[in-house]
Amino acid sequence: EAQRRGGCVIPEASPTTSGVVGRPVTLSRVLRLASVVFCGALPLFVVVALFAEAIREDAVAFDFRVFYEAAEAVLRGETPYQSLDDPTADVRRGYVYPPLTAIGAIPLTVLSPEVAGLLVMTVLVGAALAIPFVVGVRDWRCYGLVLLWPPVVSAIQTGSVTILLGLGAALTWRFRDRLLGSSASAGATLAVKLILWPLVVWLAATRRVAAAALSCLIGVAAVLVAWVSIGFAGLAEYPVILRRLQGEIELDSYTAYVALLDAGAPSSVARVIWLTLGLGLLAAAVVLGRRGDDRAAFILTIAAALALTPIVWLHYFALLVVVVAVARPRLGLVWFIPLAMFVTPGSGSPTPFETSAT
């Protein structure tokens with residue numbers, strides 16, 4: 001009801017606690033607030049909690065500690081690899097990578113293992129965010145979701161090289177039409193770990209034969225230089241080390257082979273189906289690459305790399321950041337799907353359900 005004062009009609013203000021008329025609540029404002037909370041505040045909380053829990057449980061980058069110890073062995077002039085004649089050696093706890101990773105960790109030995117591990121975890125957070133940026137993703141919400149993906153969290157917590165391999169794959173895609181850029185990126189991943197060797201096939205299939213050949217040369221040269229620098233220590237025994245590692249932990253992996261065994265398939269049948277699946281994905285990537293579909297061929301190449309790897313733990317699926325970023329550079333349903341991997345919280349010894357779900 002209006003009040004007349006001095007000949008003017010002054011409407012009464014709506015009663016609010018602040019005396020200010022509130023802004024109407026709309027769906028767009030609710031969604032914007034939800035985005036800030038879920039894609040901004042929650043990822044920040046998860047990262048901080050991850051670091052705090054790692055410190056509290058003395059589990060800071062526990063995979064990186066193997067690299068740290070290997071680097072110290074190199075500095076002492078010793079082999080970073082376990083002796084095959086040592087009956088107490090645990091291949092699960094030993095250094096099983098090419099020597100480049102151990103040599104690369106040498107500068108960090110000036111720090112304590114804990115401080116070095118925290119530094120590595122911090123670098124991996126940055127590298128995880130760099131992957132979508134390199135590919136061309138500019139939707140900020142995607143960056144927050146990446147830090148919520150269980151395999152990314154696992155990769156950061158363990159201090160593994162998976163995220164760095166993913167960054168190498170992202171750079172290979174980004175510089176795919178530049179000879180030196182693509183070959184250096186792909187070659188570096190080969191020198192660190194062979195899991196992404198299908199990238200060489202993708203380069204060749206998409207008519208980048210020179211880049212494929214040069215990436216192989218770079219990878220082989222980097223490995224040879226690293227092995228020369230440690231006097232070829234462990235080179236002769238390295239294939240045996242890899243076979244022992246596969247025999248020890250192959251059944252603890254998130255692979256189609258293990259899923260088929262869990263379903264009751266004989267070992268020989270499961271292995272044939274597993275290899276057929278992986279090689280089929282790679283063949284499809286080659287076909288699409290020859291037809292000029294770089295994007296689809298690249299995505300299938302990363303899928304083939306994961307499918308053909310005999311040992312796959314949860315953090316290996318951090319490579320899917322590259323796949324999703326290349327497939328969908330803006331926020332969409334596919335960015336939320338990897339969140340379902342919360343059902344596979346471990347990095348080894350998965351249950352049959354966890355293996356099949358992953």
# chains A, B, ... in the order shown; residues from 1 in each chain; ligands from 1
call {"tool": "residues_around", "arguments": {"residues": "A:Val225", "least_positions_apart": "5", "cutoff": "9 Å", "atoms": "only C-alpha atoms", "output": "PyMOL selection string"}}
result
chain A and resi 100+220+230
call {"tool": "residues_around", "arguments": {"residues": "A:Ala213", "least_positions_apart": "3", "cutoff": "10 Å", "atoms": "only C-alpha atoms", "output": "mmCIF file with C-alpha atoms, in the first residue's frame"}}
result
data_model
loop_
_atom_site.group_PDB
_atom_site.id
_atom_site.type_symbol
_atom_site.label_atom_id
_atom_site.label_comp_id
_atom_site.auth_asym_id
_atom_site.auth_seq_id
_atom_site.Cartn_x
_atom_site.Cartn_y
_atom_site.Cartn_z
ATOM 1 C CA SER A 183 58.971 -36.991 -33.741
ATOM 2 C CA GLY A 187 60.454 -40.421 -29.426
ATOM 3 C CA VAL A 200 54.712 -44.547 -34.308
ATOM 4 C CA VAL A 201 52.195 -46.661 -36.225
ATOM 5 C CA LEU A 203 52.343 -41.360 -37.595
ATOM 6 C CA ALA A 204 53.161 -43.779 -40.403
ATOM 7 C CA ARG A 208 53.931 -38.956 -41.676
ATOM 8 C CA VAL A 209 56.480 -41.657 -42.402
ATOM 9 C CA ALA A 210 59.483 -39.378 -41.859
ATOM 10 C CA CYS A 216 62.126 -44.302 -33.561
ATOM 11 C CA LEU A 217 65.641 -42.979 -34.055
ATOM 12 C CA ILE A 218 65.214 -40.431 -31.258
#
call {"tool": "residues_around", "arguments": {"residues": "A:Thr255", "least_positions_apart": "2", "cutoff": "8 Å", "atoms": "only C-alpha atoms", "output": "list of chain:residue names"}}
result
A:Ser253, A:Tyr257, A:Val258, A:Ala259, A:Ala307, A:Thr309, A:Pro310, A:Ile311, A:Val312, A:Thr355
call {"tool": "residues_around", "arguments": {"residues": "A:Ala105", "least_positions_apart": "5", "cutoff": "9 Å", "atoms": "only C-alpha atoms", "output": "list of chain:residue names"}}
result
A:Phe64, A:Phe67, A:Tyr68, A:Ala70, A:Ala71, A:Glu72, A:Leu100
call {"tool": "write_last_selection", "arguments": {"atoms": "C-alpha atoms", "output": "compact mmCIF listing (two decimals), in the first residue's frame"}}
result
# COMPACT_ATOMS: atom_id res chain seq x y z
CA PHE A 64 58.72 -42.20 -7.57
CA PHE A 67 63.17 -43.78 -9.38
CA TYR A 68 64.83 -41.88 -6.55
CA ALA A 70 67.65 -45.89 -8.85
CA ALA A 71 69.08 -42.39 -9.32
CA GLU A 72 71.11 -42.76 -6.10
CA LEU A 100 66.57 -42.60 -18.74
call {"tool": "select_by_dssp", "arguments": {"residues": "stretch 63-230 of chain A", "states": "helix (DSSP H, G or I)", "output": "ChimeraX atom specification"}}
result
/A:64-75,99-104,106-110,113-135,140-146,150-158,162-174,179-192,194-196,198-205,209-229
call {"tool": "atom_distance", "arguments": {"atom1": "atom CA of A:Pro98", "atom2": "atom CA of A:Trp227"}}
result
8.0 Å
call {"tool": "closest_residue", "arguments": {"among": "A:Glu248, A:Glu78, A:Asp58, A:Asp63", "to": "A:Ala155", "atoms": "only C-alpha atoms"}}
result
A:Asp63
call {"tool": "residues_around", "arguments": {"residues": "A:Leu165", "least_positions_apart": "2", "cutoff": "10 Å", "atoms": "only C-alpha atoms", "output": "PDB file with N, CA, C and O atoms, in the first residue's frame"}}
result
ATOM      1  N   ALA A 127      51.251 -30.901 -15.094  1.00  0.00           N
ATOM      2  CA  ALA A 127      51.289 -31.643 -16.358  1.00  0.00           C
ATOM      3  C   ALA A 127      49.900 -32.148 -16.742  1.00  0.00           C
ATOM      4  O   ALA A 127      49.534 -32.156 -17.924  1.00  0.00           O
ATOM      5  N   SER A 160      53.943 -41.524 -10.722  1.00  0.00           N
ATOM      6  CA  SER A 160      54.337 -42.320 -11.889  1.00  0.00           C
ATOM      7  C   SER A 160      54.587 -41.410 -13.091  1.00  0.00           C
ATOM      8  O   SER A 160      54.307 -40.210 -13.058  1.00  0.00           O
ATOM      9  N   VAL A 161      55.065 -42.017 -14.181  1.00  0.00           N
ATOM     10  CA  VAL A 161      55.372 -41.243 -15.392  1.00  0.00           C
ATOM     11  C   VAL A 161      54.185 -41.177 -16.347  1.00  0.00           C
ATOM     12  O   VAL A 161      54.291 -40.584 -17.423  1.00  0.00           O
ATOM     13  N   THR A 162      53.034 -41.739 -15.965  1.00  0.00           N
ATOM     14  CA  THR A 162      51.906 -41.844 -16.887  1.00  0.00           C
ATOM     15  C   THR A 162      51.446 -40.490 -17.400  1.00  0.00           C
ATOM     16  O   THR A 162      51.196 -40.320 -18.596  1.00  0.00           O
ATOM     17  N   ILE A 163      51.297 -39.515 -16.512  1.00  0.00           N
ATOM     18  CA  ILE A 163      50.825 -38.204 -16.941  1.00  0.00           C
ATOM     19  C   ILE A 163      51.828 -37.550 -17.882  1.00  0.00           C
ATOM     20  O   ILE A 163      51.446 -36.892 -18.856  1.00  0.00           O
ATOM     21  N   LEU A 167      51.245 -36.256 -21.645  1.00  0.00           N
ATOM     22  CA  LEU A 167      51.639 -34.950 -22.174  1.00  0.00           C
ATOM     23  C   LEU A 167      52.445 -35.118 -23.459  1.00  0.00           C
ATOM     24  O   LEU A 167      52.287 -34.343 -24.411  1.00  0.00           O
ATOM     25  N   GLY A 168      53.301 -36.148 -23.502  1.00  0.00           N
ATOM     26  CA  GLY A 168      54.047 -36.428 -24.728  1.00  0.00           C
ATOM     27  C   GLY A 168      53.126 -36.773 -25.880  1.00  0.00           C
ATOM     28  O   GLY A 168      53.331 -36.327 -27.023  1.00  0.00           O
ATOM     29  N   ALA A 169      52.076 -37.556 -25.599  1.00  0.00           N
ATOM     30  CA  ALA A 169      51.106 -37.892 -26.643  1.00  0.00           C
ATOM     31  C   ALA A 169      50.345 -36.652 -27.099  1.00  0.00           C
ATOM     32  O   ALA A 169      50.075 -36.475 -28.296  1.00  0.00           O
ATOM     33  N   ALA A 170      49.995 -35.784 -26.139  1.00  0.00           N
ATOM     34  CA  ALA A 170      49.297 -34.543 -26.485  1.00  0.00           C
ATOM     35  C   ALA A 170      50.156 -33.650 -27.372  1.00  0.00           C
ATOM     36  O   ALA A 170      49.670 -33.039 -28.332  1.00  0.00           O
ATOM     37  N   LEU A 171      51.440 -33.575 -27.075  1.00  0.00           N
ATOM     38  CA  LEU A 171      52.357 -32.779 -27.900  1.00  0.00           C
ATOM     39  C   LEU A 171      52.520 -33.391 -29.281  1.00  0.00           C
ATOM     40  O   LEU A 171      52.658 -32.674 -30.283  1.00  0.00           O
ATOM     41  N   SER A 185      58.433 -35.557 -29.626  1.00  0.00           N
ATOM     42  CA  SER A 185      57.460 -35.903 -28.584  1.00  0.00           C
ATOM     43  C   SER A 185      57.233 -37.404 -28.523  1.00  0.00           C
ATOM     44  O   SER A 185      57.270 -38.011 -27.443  1.00  0.00           O
ATOM     45  N   ALA A 186      56.995 -38.019 -29.686  1.00  0.00           N
ATOM     46  CA  ALA A 186      56.770 -39.465 -29.708  1.00  0.00           C
ATOM     47  C   ALA A 186      58.032 -40.223 -29.306  1.00  0.00           C
ATOM     48  O   ALA A 186      57.969 -41.214 -28.567  1.00  0.00           O
ATOM     49  N   ALA A 188      60.413 -39.251 -27.304  1.00  0.00           N
ATOM     50  CA  ALA A 188      60.634 -39.127 -25.861  1.00  0.00           C
ATOM     51  C   ALA A 188      59.792 -40.128 -25.082  1.00  0.00           C
ATOM     52  O   ALA A 188      60.262 -40.728 -24.104  1.00  0.00           O
ATOM     53  N   THR A 189      58.544 -40.331 -25.504  1.00  0.00           N
ATOM     54  CA  THR A 189      57.705 -41.314 -24.805  1.00  0.00           C
ATOM     55  C   THR A 189      58.269 -42.721 -24.954  1.00  0.00           C
ATOM     56  O   THR A 189      58.217 -43.524 -24.011  1.00  0.00           O
ATOM     57  N   LEU A 190      58.827 -43.019 -26.134  1.00  0.00           N
ATOM     58  CA  LEU A 190      59.420 -44.344 -26.337  1.00  0.00           C
ATOM     59  C   LEU A 190      60.622 -44.556 -25.433  1.00  0.00           C
ATOM     60  O   LEU A 190      60.843 -45.665 -24.920  1.00  0.00           O
ATOM     61  N   VAL A 192      61.145 -43.267 -22.509  1.00  0.00           N
ATOM     62  CA  VAL A 192      60.756 -43.368 -21.099  1.00  0.00           C
ATOM     63  C   VAL A 192      60.056 -44.693 -20.820  1.00  0.00           C
ATOM     64  O   VAL A 192      60.336 -45.380 -19.842  1.00  0.00           O
ATOM     65  N   LYS A 193      59.119 -45.047 -21.715  1.00  0.00           N
ATOM     66  CA  LYS A 193      58.339 -46.275 -21.522  1.00  0.00           C
ATOM     67  C   LYS A 193      57.698 -46.634 -22.856  1.00  0.00           C
ATOM     68  O   LYS A 193      57.186 -45.755 -23.561  1.00  0.00           O
ATOM     69  N   LEU A 194      57.655 -47.907 -23.178  1.00  0.00           N
ATOM     70  CA  LEU A 194      57.227 -48.329 -24.509  1.00  0.00           C
ATOM     71  C   LEU A 194      55.722 -48.403 -24.697  1.00  0.00           C
ATOM     72  O   LEU A 194      55.255 -48.744 -25.784  1.00  0.00           O
ATOM     73  N   ILE A 195      54.949 -48.067 -23.684  1.00  0.00           N
ATOM     74  CA  ILE A 195      53.508 -48.261 -23.755  1.00  0.00           C
ATOM     75  C   ILE A 195      52.874 -47.539 -24.942  1.00  0.00           C
ATOM     76  O   ILE A 195      51.915 -48.020 -25.538  1.00  0.00           O
ATOM     77  N   LEU A 196      53.425 -46.398 -25.342  1.00  0.00           N
ATOM     78  CA  LEU A 196      52.826 -45.612 -26.428  1.00  0.00           C
ATOM     79  C   LEU A 196      53.492 -45.870 -27.778  1.00  0.00           C
ATOM     80  O   LEU A 196      53.433 -45.016 -28.678  1.00  0.00           O
ATOM     81  N   TYR A 316      47.176 -45.807 -15.369  1.00  0.00           N
ATOM     82  CA  TYR A 316      47.403 -45.842 -16.812  1.00  0.00           C
ATOM     83  C   TYR A 316      46.270 -45.153 -17.574  1.00  0.00           C
ATOM     84  O   TYR A 316      46.470 -44.595 -18.657  1.00  0.00           O
ATOM     85  N   ALA A 318      44.928 -42.503 -16.987  1.00  0.00           N
ATOM     86  CA  ALA A 318      45.108 -41.052 -17.089  1.00  0.00           C
ATOM     87  C   ALA A 318      45.412 -40.652 -18.529  1.00  0.00           C
ATOM     88  O   ALA A 318      45.239 -39.489 -18.911  1.00  0.00           O
ATOM     89  N   LEU A 319      45.864 -41.601 -19.347  1.00  0.00           N
ATOM     90  CA  LEU A 319      46.083 -41.333 -20.770  1.00  0.00           C
ATOM     91  C   LEU A 319      44.786 -40.960 -21.480  1.00  0.00           C
ATOM     92  O   LEU A 319      44.812 -40.361 -22.560  1.00  0.00           O
TER      93      LEU A 319
END
call {"tool": "closest_residue", "arguments": {"among": "A:Arg291, A:Arg178, A:Arg330, A:Arg92", "to": "A:Asp252", "atoms": "only C-alpha atoms"}}
result
A:Arg92
call {"tool": "closest_residue", "arguments": {"among": "A:Pro239, A:Gly144, A:Gly117, A:Pro150", "to": "A:Ser35", "atoms": "only C-alpha atoms"}}
result
A:Gly144
call {"tool": "closest_residue", "arguments": {"among": "A:Ile106, A:Ala54, A:Val322, A:Leu275", "to": "A:Ile131", "atoms": "only C-alpha atoms"}}
result
A:Val322
call {"tool": "atom_distance", "arguments": {"atom1": "atom CA of A:Cys39", "atom2": "atom CA of A:Leu339"}}
result
12.4 Å
call {"tool": "atom_distance", "arguments": {"atom1": "atom CA of A:Ala284", "atom2": "atom CA of A:Ala297"}}
result
7.4 Å
call {"tool": "residues_around", "arguments": {"residues": "A:Val321", "least_positions_apart": "5", "cutoff": "10 Å", "atoms": "only C-alpha atoms", "output": "JSON, numbers by chain"}}
result
{"A": [128, 129, 131, 132, 142, 143, 146, 149, 151, 152, 163, 166, 167, 170, 326, 327, 335, 338]}
call {"tool": "select_by_dssp", "arguments": {"residues": "stretch 1-226 of chain A", "states": "strand (DSSP E or B)", "output": "list of chain:residue names"}}
result
A:Gln3, A:Arg4, A:Arg5, A:Cys8, A:Val9, A:Ile10
call {"tool": "write_last_selection", "arguments": {"atoms": "all heavy atoms", "output": "PDB file, in the first residue's frame"}}
result
ATOM      1  N   GLN A   3       2.167   5.104   0.524  1.00  0.00           N
ATOM      2  CA  GLN A   3       2.062   6.191   1.497  1.00  0.00           C
ATOM      3  C   GLN A   3       2.245   7.515   0.771  1.00  0.00           C
ATOM      4  O   GLN A   3       3.127   7.633  -0.078  1.00  0.00           O
ATOM      5  CB  GLN A   3       3.144   6.064   2.576  1.00  0.00           C
ATOM      6  CG  GLN A   3       2.992   4.822   3.424  1.00  0.00           C
ATOM      7  CD  GLN A   3       4.093   4.735   4.460  1.00  0.00           C
ATOM      8  OE1 GLN A   3       5.122   5.386   4.307  1.00  0.00           O
ATOM      9  NE2 GLN A   3       3.866   3.940   5.482  1.00  0.00           N
ATOM     10  N   ARG A   4       1.387   8.496   1.102  1.00  0.00           N
ATOM     11  CA  ARG A   4       1.508   9.806   0.480  1.00  0.00           C
ATOM     12  C   ARG A   4       2.338  10.711   1.370  1.00  0.00           C
ATOM     13  O   ARG A   4       2.010  10.920   2.513  1.00  0.00           O
ATOM     14  CB  ARG A   4       0.134  10.425   0.256  1.00  0.00           C
ATOM     15  CG  ARG A   4      -0.719   9.640  -0.751  1.00  0.00           C
ATOM     16  CD  ARG A   4      -2.041  10.367  -1.011  1.00  0.00           C
ATOM     17  NE  ARG A   4      -2.815   9.665  -2.010  1.00  0.00           N
ATOM     18  CZ  ARG A   4      -2.657   9.822  -3.323  1.00  0.00           C
ATOM     19  NH1 ARG A   4      -1.744  10.669  -3.769  1.00  0.00           N
ATOM     20  NH2 ARG A   4      -3.400   9.149  -4.167  1.00  0.00           N
ATOM     21  N   ARG A   5       3.448  11.217   0.817  1.00  0.00           N
ATOM     22  CA  ARG A   5       4.316  12.121   1.568  1.00  0.00           C
ATOM     23  C   ARG A   5       4.687  13.277   0.659  1.00  0.00           C
ATOM     24  O   ARG A   5       5.353  13.086  -0.353  1.00  0.00           O
ATOM     25  CB  ARG A   5       5.583  11.420   2.030  1.00  0.00           C
ATOM     26  CG  ARG A   5       5.307  10.303   3.036  1.00  0.00           C
ATOM     27  CD  ARG A   5       6.581   9.665   3.509  1.00  0.00           C
ATOM     28  NE  ARG A   5       6.309   8.581   4.441  1.00  0.00           N
ATOM     29  CZ  ARG A   5       7.246   7.795   4.968  1.00  0.00           C
ATOM     30  NH1 ARG A   5       8.509   7.975   4.646  1.00  0.00           N
ATOM     31  NH2 ARG A   5       6.913   6.842   5.809  1.00  0.00           N
ATOM     32  N   CYS A   8       3.851  13.049  -2.992  1.00  0.00           N
ATOM     33  CA  CYS A   8       4.449  11.977  -3.799  1.00  0.00           C
ATOM     34  C   CYS A   8       3.977  10.627  -3.299  1.00  0.00           C
ATOM     35  O   CYS A   8       3.770  10.438  -2.091  1.00  0.00           O
ATOM     36  CB  CYS A   8       5.977  12.027  -3.737  1.00  0.00           C
ATOM     37  SG  CYS A   8       6.656  13.552  -4.392  1.00  0.00           S
ATOM     38  N   VAL A   9       3.863   9.732  -4.189  1.00  0.00           N
ATOM     39  CA  VAL A   9       3.478   8.372  -3.835  1.00  0.00           C
ATOM     40  C   VAL A   9       4.735   7.520  -3.763  1.00  0.00           C
ATOM     41  O   VAL A   9       5.449   7.376  -4.758  1.00  0.00           O
ATOM     42  CB  VAL A   9       2.508   7.774  -4.864  1.00  0.00           C
ATOM     43  CG1 VAL A   9       2.172   6.336  -4.494  1.00  0.00           C
ATOM     44  CG2 VAL A   9       1.255   8.625  -4.939  1.00  0.00           C
ATOM     45  N   ILE A  10       5.039   7.000  -2.573  1.00  0.00           N
ATOM     46  CA  ILE A  10       6.261   6.224  -2.351  1.00  0.00           C
ATOM     47  C   ILE A  10       5.867   4.792  -2.030  1.00  0.00           C
ATOM     48  O   ILE A  10       5.209   4.544  -1.025  1.00  0.00           O
ATOM     49  CB  ILE A  10       7.090   6.800  -1.193  1.00  0.00           C
ATOM     50  CG1 ILE A  10       7.388   8.269  -1.461  1.00  0.00           C
ATOM     51  CG2 ILE A  10       8.360   5.986  -0.986  1.00  0.00           C
ATOM     52  CD1 ILE A  10       8.105   8.939  -0.309  1.00  0.00           C
TER      53      ILE A  10
END
call {"tool": "decode", "arguments": {"residues": "stretch 318-329 of chain A", "atoms": "all heavy atoms", "output": "PDB file, in the first residue's frame"}}
result
ATOM      1  N   ALA A 318      44.928 -42.503 -16.987  1.00  0.00           N
ATOM      2  CA  ALA A 318      45.108 -41.052 -17.089  1.00  0.00           C
ATOM      3  C   ALA A 318      45.412 -40.652 -18.529  1.00  0.00           C
ATOM      4  O   ALA A 318      45.239 -39.489 -18.911  1.00  0.00           O
ATOM      5  CB  ALA A 318      46.233 -40.595 -16.156  1.00  0.00           C
ATOM      6  N   LEU A 319      45.864 -41.601 -19.347  1.00  0.00           N
ATOM      7  CA  LEU A 319      46.083 -41.333 -20.770  1.00  0.00           C
ATOM      8  C   LEU A 319      44.786 -40.960 -21.480  1.00  0.00           C
ATOM      9  O   LEU A 319      44.812 -40.361 -22.560  1.00  0.00           O
ATOM     10  CB  LEU A 319      46.717 -42.548 -21.445  1.00  0.00           C
ATOM     11  CG  LEU A 319      48.135 -42.919 -21.003  1.00  0.00           C
ATOM     12  CD1 LEU A 319      48.557 -44.245 -21.631  1.00  0.00           C
ATOM     13  CD2 LEU A 319      49.123 -41.829 -21.372  1.00  0.00           C
ATOM     14  N   LEU A 320      43.654 -41.303 -20.871  1.00  0.00           N
ATOM     15  CA  LEU A 320      42.375 -40.959 -21.483  1.00  0.00           C
ATOM     16  C   LEU A 320      42.120 -39.457 -21.484  1.00  0.00           C
ATOM     17  O   LEU A 320      41.233 -38.988 -22.201  1.00  0.00           O
ATOM     18  CB  LEU A 320      41.237 -41.684 -20.751  1.00  0.00           C
ATOM     19  CG  LEU A 320      41.222 -43.211 -20.880  1.00  0.00           C
ATOM     20  CD1 LEU A 320      40.064 -43.794 -20.090  1.00  0.00           C
ATOM     21  CD2 LEU A 320      41.135 -43.636 -22.344  1.00  0.00           C
ATOM     22  N   VAL A 321      42.868 -38.704 -20.695  1.00  0.00           N
ATOM     23  CA  VAL A 321      42.741 -37.249 -20.747  1.00  0.00           C
ATOM     24  C   VAL A 321      43.034 -36.758 -22.163  1.00  0.00           C
ATOM     25  O   VAL A 321      42.344 -35.882 -22.698  1.00  0.00           O
ATOM     26  CB  VAL A 321      43.690 -36.569 -19.740  1.00  0.00           C
ATOM     27  CG1 VAL A 321      43.613 -35.049 -19.875  1.00  0.00           C
ATOM     28  CG2 VAL A 321      43.351 -36.974 -18.313  1.00  0.00           C
ATOM     29  N   VAL A 322      44.051 -37.344 -22.784  1.00  0.00           N
ATOM     30  CA  VAL A 322      44.397 -36.962 -24.156  1.00  0.00           C
ATOM     31  C   VAL A 322      43.252 -37.321 -25.098  1.00  0.00           C
ATOM     32  O   VAL A 322      42.856 -36.524 -25.958  1.00  0.00           O
ATOM     33  CB  VAL A 322      45.690 -37.668 -24.623  1.00  0.00           C
ATOM     34  CG1 VAL A 322      46.169 -37.080 -25.936  1.00  0.00           C
ATOM     35  CG2 VAL A 322      46.765 -37.580 -23.563  1.00  0.00           C
ATOM     36  N   VAL A 323      42.710 -38.509 -24.939  1.00  0.00           N
ATOM     37  CA  VAL A 323      41.633 -38.980 -25.809  1.00  0.00           C
ATOM     38  C   VAL A 323      40.414 -38.071 -25.723  1.00  0.00           C
ATOM     39  O   VAL A 323      39.869 -37.617 -26.733  1.00  0.00           O
ATOM     40  CB  VAL A 323      41.250 -40.425 -25.441  1.00  0.00           C
ATOM     41  CG1 VAL A 323      39.998 -40.863 -26.203  1.00  0.00           C
ATOM     42  CG2 VAL A 323      42.399 -41.374 -25.730  1.00  0.00           C
ATOM     43  N   VAL A 324      39.978 -37.794 -24.500  1.00  0.00           N
ATOM     44  CA  VAL A 324      38.778 -36.976 -24.310  1.00  0.00           C
ATOM     45  C   VAL A 324      39.019 -35.541 -24.787  1.00  0.00           C
ATOM     46  O   VAL A 324      38.148 -34.930 -25.411  1.00  0.00           O
ATOM     47  CB  VAL A 324      38.348 -37.002 -22.830  1.00  0.00           C
ATOM     48  CG1 VAL A 324      37.180 -36.046 -22.587  1.00  0.00           C
ATOM     49  CG2 VAL A 324      37.951 -38.416 -22.416  1.00  0.00           C
ATOM     50  N   ALA A 325      40.198 -35.007 -24.512  1.00  0.00           N
ATOM     51  CA  ALA A 325      40.503 -33.640 -24.930  1.00  0.00           C
ATOM     52  C   ALA A 325      40.506 -33.512 -26.447  1.00  0.00           C
ATOM     53  O   ALA A 325      40.036 -32.510 -27.001  1.00  0.00           O
ATOM     54  CB  ALA A 325      41.852 -33.201 -24.356  1.00  0.00           C
ATOM     55  N   VAL A 326      41.039 -34.517 -27.132  1.00  0.00           N
ATOM     56  CA  VAL A 326      41.063 -34.489 -28.591  1.00  0.00           C
ATOM     57  C   VAL A 326      39.652 -34.684 -29.154  1.00  0.00           C
ATOM     58  O   VAL A 326      39.253 -34.023 -30.116  1.00  0.00           O
ATOM     59  CB  VAL A 326      42.010 -35.578 -29.140  1.00  0.00           C
ATOM     60  CG1 VAL A 326      41.849 -35.745 -30.648  1.00  0.00           C
ATOM     61  CG2 VAL A 326      43.454 -35.223 -28.810  1.00  0.00           C
ATOM     62  N   ALA A 327      38.880 -35.584 -28.532  1.00  0.00           N
ATOM     63  CA  ALA A 327      37.539 -35.893 -29.036  1.00  0.00           C
ATOM     64  C   ALA A 327      36.544 -34.777 -28.770  1.00  0.00           C
ATOM     65  O   ALA A 327      35.713 -34.449 -29.630  1.00  0.00           O
ATOM     66  CB  ALA A 327      37.042 -37.198 -28.415  1.00  0.00           C
ATOM     67  N   ARG A 328      36.595 -34.164 -27.572  1.00  0.00           N
ATOM     68  CA  ARG A 328      35.619 -33.152 -27.184  1.00  0.00           C
ATOM     69  C   ARG A 328      36.326 -31.995 -26.472  1.00  0.00           C
ATOM     70  O   ARG A 328      36.505 -32.023 -25.258  1.00  0.00           O
ATOM     71  CB  ARG A 328      34.559 -33.757 -26.246  1.00  0.00           C
ATOM     72  CG  ARG A 328      33.660 -34.789 -26.878  1.00  0.00           C
ATOM     73  CD  ARG A 328      32.694 -34.150 -27.891  1.00  0.00           C
ATOM     74  NE  ARG A 328      31.789 -35.156 -28.442  1.00  0.00           N
ATOM     75  CZ  ARG A 328      32.038 -35.896 -29.501  1.00  0.00           C
ATOM     76  NH1 ARG A 328      33.206 -35.749 -30.144  1.00  0.00           N
ATOM     77  NH2 ARG A 328      31.159 -36.780 -29.948  1.00  0.00           N
ATOM     78  N   PRO A 329      36.722 -30.954 -27.215  1.00  0.00           N
ATOM     79  CA  PRO A 329      37.455 -29.845 -26.594  1.00  0.00           C
ATOM     80  C   PRO A 329      36.598 -28.954 -25.705  1.00  0.00           C
ATOM     81  O   PRO A 329      37.134 -28.056 -25.044  1.00  0.00           O
ATOM     82  CB  PRO A 329      37.994 -29.067 -27.796  1.00  0.00           C
ATOM     83  CG  PRO A 329      37.102 -29.432 -28.929  1.00  0.00           C
ATOM     84  CD  PRO A 329      36.659 -30.831 -28.679  1.00  0.00           C
TER      85      PRO A 329
END
